[in-house]
Amino acid sequence: MATGTRPPRPPSGVHGASRAAIGARHLRTDRWWLAPAGTAAGLLAFVAYSTWRAFANADYYAAPYVSPFYSPCLAENCQEMRGGPNLDLVGSWWGLSPALLILVFPLGFRLTCYYYRKAYYRSFWASPPACAVAEPHSRYTGETRFPLVLQNLHRYFFYAAVPVAAVLTYDTVLTFRDADYAWGHMGAGTLLFLLNAALIWAYTLSCHSCRHIMGGRLRHFSRHPVRYRLWGWVSRLNARHMQLAWASLVSVAACDLYVYLLATGAFTDPRIF
Amino acid sequence: MTTYDARFRIWRGDADGGGLRDFTVEVHDGEVVLDIVHRLQATEAPDLAVRWNCKAGKCGSCSAEVNGRPRLMCMTRMSVFDRAETVTITPLRAFPVVRDLVTDVSFNYRKAREVPAFVPPEGVGPGEYRMQQVDVDRSQEFRKCIECFLCQDTCHVVRDHEENKEAFAGPRFLMRVAELDMHPLDAAAASGLDRRRAAQEEHGLGYCNITKCCTEVCPEGIRITDNALIPLKERAADRKYDPLVWLGNRILRRRPDAP
């Protein structure tokens, strides 16, 4: 045997000795690759866009709109937003984009989200790429070991996502001011921000951890009628968790893009009243 | 009634080897894949081995893979296929093959035995169990399971990794653990059995990466992932990974088996 070569692995999985002798990794005839490919393309597009915007540290405020990527703005180097989400908790030592300070929470929430886990395990890690399509890995330990055992911390990111959603709601309320900070304004951006706030709340509250916290951990719903009702509401939202995950991802990027275009003077906000 | 000839490729063989064999079979309106297999048995392949029973999607016997997808043959209508396409039927690919379309599913029976049974509450005799409907709704969804083992077959944890069969119970039996843990009268905790901890440590819940294939193939439409596996993961997280829950239980002197 040549130096450095390894003996071939014994066949395992669907090619194991005891299984039906079928050479193909799968026999599916439908376009099973379409869903993981589409998911990968969508997620990659968002990651590319959000990385650019998060590191840009510019064009994130066009009164009265503030980009959701930069809200709340936690460093001293944030642009002044009158009455806006400036919350200088970190101080002056932070020299990078302030978006990085806050994005870690929604990023963690989405990374550990049960829907996104399915999405990226399938589309990026091919574990499995699709149902009944053999995965390419020789070993698999799932979420039993570090780092994936940390997925169990999803509920803490949910706790962090709630105040972030509250701040985005506050930002949405502020869009009823005009560029001179006078109340009684509504622009096209206000509508977009309203939609985004609704979708962010719906996604956050439809979370599986939220469902568990509201009542899923109970054994006797009959003894906790209020929590049972809350669990029922969250369960109905939870059935749409995937759709809400995508819709809120698109809406948050759309809000940021809208603010960017306003801030760079690409167009002016159409005023409704 | 219309009739046409359809092309099939059916795996034939046993543990020593085998392969896909071509057949052309007459198909009638309204027939399902299992009808075609029976017609083959009655005509050109009388020794074709297939396990079946009710022909109504309730016994879970005729599980196989049709065009690479785990399905019940009796619930797969021929009308879902294009008349020109070749339909491929193979045995379940996660289990040892016995012969032709029959596999050895004893792995599942072994795993079933590893899940401790319902523990009756002390002082309540048979016939005296009283439960509110809202308290058993969740468990009743899981009771629809017909044990066709399609979820076990499609789960990549054991399908693609034979070595994980020792540690991982599979979606069907993790669902069983969830069912018992949600049961309003189960007294396992009082007898010293912590089902949540056991789910993680003894039945391999951590191996599940919730990619939902079990839910996709379930012929009973049970939302295995959303209603059993993820709630069970959250319950295990309560027990093993959440210091706040632990602290709350200590401060409020709550029993850890939840109200």
# chains A, B, ... in the order shown; residues from 1 in each chain; ligands from 1

call {"tool": "interface_residues", "arguments": {"of": "chain A", "to": "chain B", "cutoff": "8 Å", "atoms": "only C-alpha atoms", "output": "number ranges by chain"}}
result
A: 12-14, 16-22, 26-29, 114, 117-119, 121-122, 127-128, 130-132, 134-135, 138-144, 149, 152-153, 208-209, 212, 216-222

call {"tool": "write_last_selection", "arguments": {"atoms": "N, CA and C atoms", "output": "compact mmCIF listing (two decimals), in the first residue's frame"}}
result
# COMPACT_ATOMS: atom_id res chain seq x y z
N SER A 12 -21.23 1.13 4.30
CA SER A 12 -22.14 1.28 5.43
C SER A 12 -23.40 2.00 4.95
N GLY A 13 -24.31 2.22 5.89
CA GLY A 13 -25.55 2.89 5.54
C GLY A 13 -26.35 2.08 4.54
N VAL A 14 -26.89 2.74 3.54
CA VAL A 14 -27.73 2.02 2.56
C VAL A 14 -26.91 1.03 1.73
N GLY A 16 -24.70 -0.93 3.22
CA GLY A 16 -24.24 -1.93 4.18
C GLY A 16 -24.51 -3.35 3.70
N ALA A 17 -23.75 -4.28 4.25
CA ALA A 17 -23.81 -5.67 3.77
C ALA A 17 -25.18 -6.30 3.95
N SER A 18 -25.89 -5.89 5.00
CA SER A 18 -27.18 -6.54 5.27
C SER A 18 -28.33 -5.92 4.50
N ARG A 19 -28.10 -4.74 3.94
CA ARG A 19 -29.19 -4.04 3.25
C ARG A 19 -29.36 -4.59 1.82
N ALA A 20 -30.49 -4.26 1.23
CA ALA A 20 -30.72 -4.67 -0.16
C ALA A 20 -29.60 -4.13 -1.06
N ALA A 21 -29.07 -4.99 -1.89
CA ALA A 21 -27.90 -4.60 -2.71
C ALA A 21 -28.35 -3.68 -3.85
N ILE A 22 -28.27 -2.40 -3.58
CA ILE A 22 -28.63 -1.39 -4.58
C ILE A 22 -27.47 -0.40 -4.65
N HIS A 26 -29.56 6.87 -4.07
CA HIS A 26 -31.00 7.05 -3.93
C HIS A 26 -31.65 6.70 -5.27
N LEU A 27 -32.95 6.50 -5.22
CA LEU A 27 -33.67 6.16 -6.45
C LEU A 27 -34.79 7.17 -6.70
N ARG A 28 -34.66 8.32 -6.09
CA ARG A 28 -35.72 9.32 -6.28
C ARG A 28 -35.68 9.87 -7.70
N THR A 29 -36.85 10.06 -8.25
CA THR A 29 -36.94 10.53 -9.63
C THR A 29 -37.47 11.96 -9.71
N TYR A 114 -35.32 26.12 15.17
CA TYR A 114 -35.56 24.75 14.69
C TYR A 114 -35.81 24.70 13.18
N ARG A 117 -32.40 25.36 11.40
CA ARG A 117 -31.52 24.20 11.56
C ARG A 117 -31.83 23.18 10.48
N LYS A 118 -33.10 22.90 10.32
CA LYS A 118 -33.48 21.97 9.24
C LYS A 118 -32.97 22.49 7.90
N ALA A 119 -33.15 23.79 7.68
CA ALA A 119 -32.80 24.37 6.38
C ALA A 119 -31.30 24.24 6.10
N TYR A 121 -28.99 22.37 7.78
CA TYR A 121 -28.48 20.99 7.82
C TYR A 121 -28.70 20.32 6.46
N ARG A 122 -29.86 20.60 5.88
CA ARG A 122 -30.15 19.96 4.60
C ARG A 122 -29.37 20.62 3.46
N SER A 127 -27.14 16.86 5.37
CA SER A 127 -27.27 15.88 6.43
C SER A 127 -28.72 15.74 6.88
N PRO A 128 -29.59 15.20 6.08
CA PRO A 128 -29.39 14.68 4.72
C PRO A 128 -29.75 15.77 3.71
N ALA A 130 -31.81 15.46 1.24
CA ALA A 130 -33.27 15.31 1.10
C ALA A 130 -33.64 13.96 1.69
N CYS A 131 -34.92 13.76 1.88
CA CYS A 131 -35.35 12.51 2.51
C CYS A 131 -35.02 11.32 1.61
N ALA A 132 -34.46 10.28 2.22
CA ALA A 132 -34.10 9.05 1.52
C ALA A 132 -33.03 9.26 0.45
N ALA A 134 -29.02 9.49 0.40
CA ALA A 134 -27.92 9.20 1.33
C ALA A 134 -27.01 10.41 1.50
N GLU A 135 -26.65 10.67 2.75
CA GLU A 135 -25.75 11.79 3.00
C GLU A 135 -24.31 11.36 2.76
N SER A 138 -19.31 10.10 6.61
CA SER A 138 -19.07 8.74 7.10
C SER A 138 -19.46 8.58 8.55
N ARG A 139 -19.48 9.68 9.31
CA ARG A 139 -19.90 9.62 10.72
C ARG A 139 -20.96 10.66 10.97
N TYR A 140 -21.74 10.42 11.99
CA TYR A 140 -22.78 11.39 12.33
C TYR A 140 -23.06 11.31 13.82
N THR A 141 -22.95 12.46 14.50
CA THR A 141 -23.27 12.49 15.93
C THR A 141 -24.37 13.49 16.23
N GLY A 142 -24.90 14.13 15.21
CA GLY A 142 -26.03 15.02 15.40
C GLY A 142 -25.73 16.15 16.37
N GLU A 143 -26.68 16.38 17.26
CA GLU A 143 -26.53 17.49 18.20
C GLU A 143 -26.15 16.97 19.58
N THR A 144 -25.36 15.89 19.59
CA THR A 144 -24.98 15.32 20.89
C THR A 144 -23.68 15.91 21.42
N VAL A 149 -24.32 20.80 20.31
CA VAL A 149 -25.13 20.64 21.52
C VAL A 149 -25.60 22.01 22.01
N ASN A 152 -29.20 23.70 22.00
CA ASN A 152 -30.16 23.64 23.10
C ASN A 152 -30.34 24.98 23.80
N LEU A 153 -29.51 25.96 23.46
CA LEU A 153 -29.63 27.29 24.07
C LEU A 153 -30.60 28.19 23.31
N HIS A 208 -40.56 27.60 18.44
CA HIS A 208 -40.86 26.38 19.18
C HIS A 208 -40.54 26.52 20.68
N SER A 209 -39.48 27.28 20.99
CA SER A 209 -39.16 27.48 22.41
C SER A 209 -40.24 28.30 23.08
N HIS A 212 -43.06 26.13 23.87
CA HIS A 212 -42.78 25.32 25.05
C HIS A 212 -42.93 26.14 26.33
N GLY A 216 -46.12 24.39 26.57
CA GLY A 216 -45.72 23.07 26.09
C GLY A 216 -45.15 22.19 27.16
N ARG A 217 -44.56 22.80 28.19
CA ARG A 217 -43.92 21.98 29.22
C ARG A 217 -44.93 21.42 30.22
N LEU A 218 -46.18 21.88 30.14
CA LEU A 218 -47.20 21.42 31.09
C LEU A 218 -47.66 20.01 30.76
N ARG A 219 -48.12 19.30 31.76
CA ARG A 219 -48.75 17.99 31.52
C ARG A 219 -50.25 18.07 31.68
N HIS A 220 -50.72 19.10 32.37
CA HIS A 220 -52.16 19.24 32.59
C HIS A 220 -52.61 20.61 32.10
N PHE A 221 -53.02 20.67 30.85
CA PHE A 221 -53.54 21.94 30.34
C PHE A 221 -54.77 22.38 31.13
N SER A 222 -55.56 21.40 31.58
CA SER A 222 -56.82 21.73 32.24
C SER A 222 -56.61 22.52 33.53

call {"tool": "residues_around", "arguments": {"residues": "Ile102 of chain A", "least_positions_apart": "6", "cutoff": "9 Å", "atoms": "only C-alpha atoms", "output": "number ranges by chain"}}
result
A: 69-74, 164

call {"tool": "write_last_selection", "arguments": {"atoms": "N, CA and C atoms", "output": "PDB file, in the first residue's frame"}}
result
ATOM      1  N   PHE A  69     -30.953  46.654  11.086  1.00  0.00           N
ATOM      2  CA  PHE A  69     -29.644  46.053  11.361  1.00  0.00           C
ATOM      3  C   PHE A  69     -28.863  46.851  12.417  1.00  0.00           C
ATOM      4  N   TYR A  70     -29.240  48.097  12.606  1.00  0.00           N
ATOM      5  CA  TYR A  70     -28.482  48.976  13.511  1.00  0.00           C
ATOM      6  C   TYR A  70     -29.324  49.416  14.707  1.00  0.00           C
ATOM      7  N   SER A  71     -30.344  48.667  15.026  1.00  0.00           N
ATOM      8  CA  SER A  71     -31.247  49.095  16.084  1.00  0.00           C
ATOM      9  C   SER A  71     -31.455  47.964  17.090  1.00  0.00           C
ATOM     10  N   PRO A  72     -31.259  48.208  18.399  1.00  0.00           N
ATOM     11  CA  PRO A  72     -30.776  49.439  18.992  1.00  0.00           C
ATOM     12  C   PRO A  72     -29.286  49.620  18.721  1.00  0.00           C
ATOM     13  N   CYS A  73     -28.861  50.877  18.662  1.00  0.00           N
ATOM     14  CA  CYS A  73     -27.463  51.187  18.350  1.00  0.00           C
ATOM     15  C   CYS A  73     -26.720  51.359  19.664  1.00  0.00           C
ATOM     16  N   LEU A  74     -25.810  50.444  19.952  1.00  0.00           N
ATOM     17  CA  LEU A  74     -25.293  50.316  21.323  1.00  0.00           C
ATOM     18  C   LEU A  74     -23.930  50.963  21.569  1.00  0.00           C
ATOM     19  N   VAL A 164     -35.387  42.804  21.283  1.00  0.00           N
ATOM     20  CA  VAL A 164     -35.000  43.324  19.963  1.00  0.00           C
ATOM     21  C   VAL A 164     -36.255  43.614  19.141  1.00  0.00           C
TER      22      VAL A 164
END

call {"tool": "residues_around", "arguments": {"residues": "Ala37 of chain A", "least_positions_apart": "3", "cutoff": "12 Å", "atoms": "only C-alpha atoms", "output": "ChimeraX atom specification"}}
result
/A:31-34,40-44,119-120,122-126,129-130

call {"tool": "select_by_dssp", "arguments": {"residues": "segment 18-62 of chain B", "states": "helix (DSSP H, G or I)", "output": "PyMOL selection string"}}
result
chain B and resi 33-42
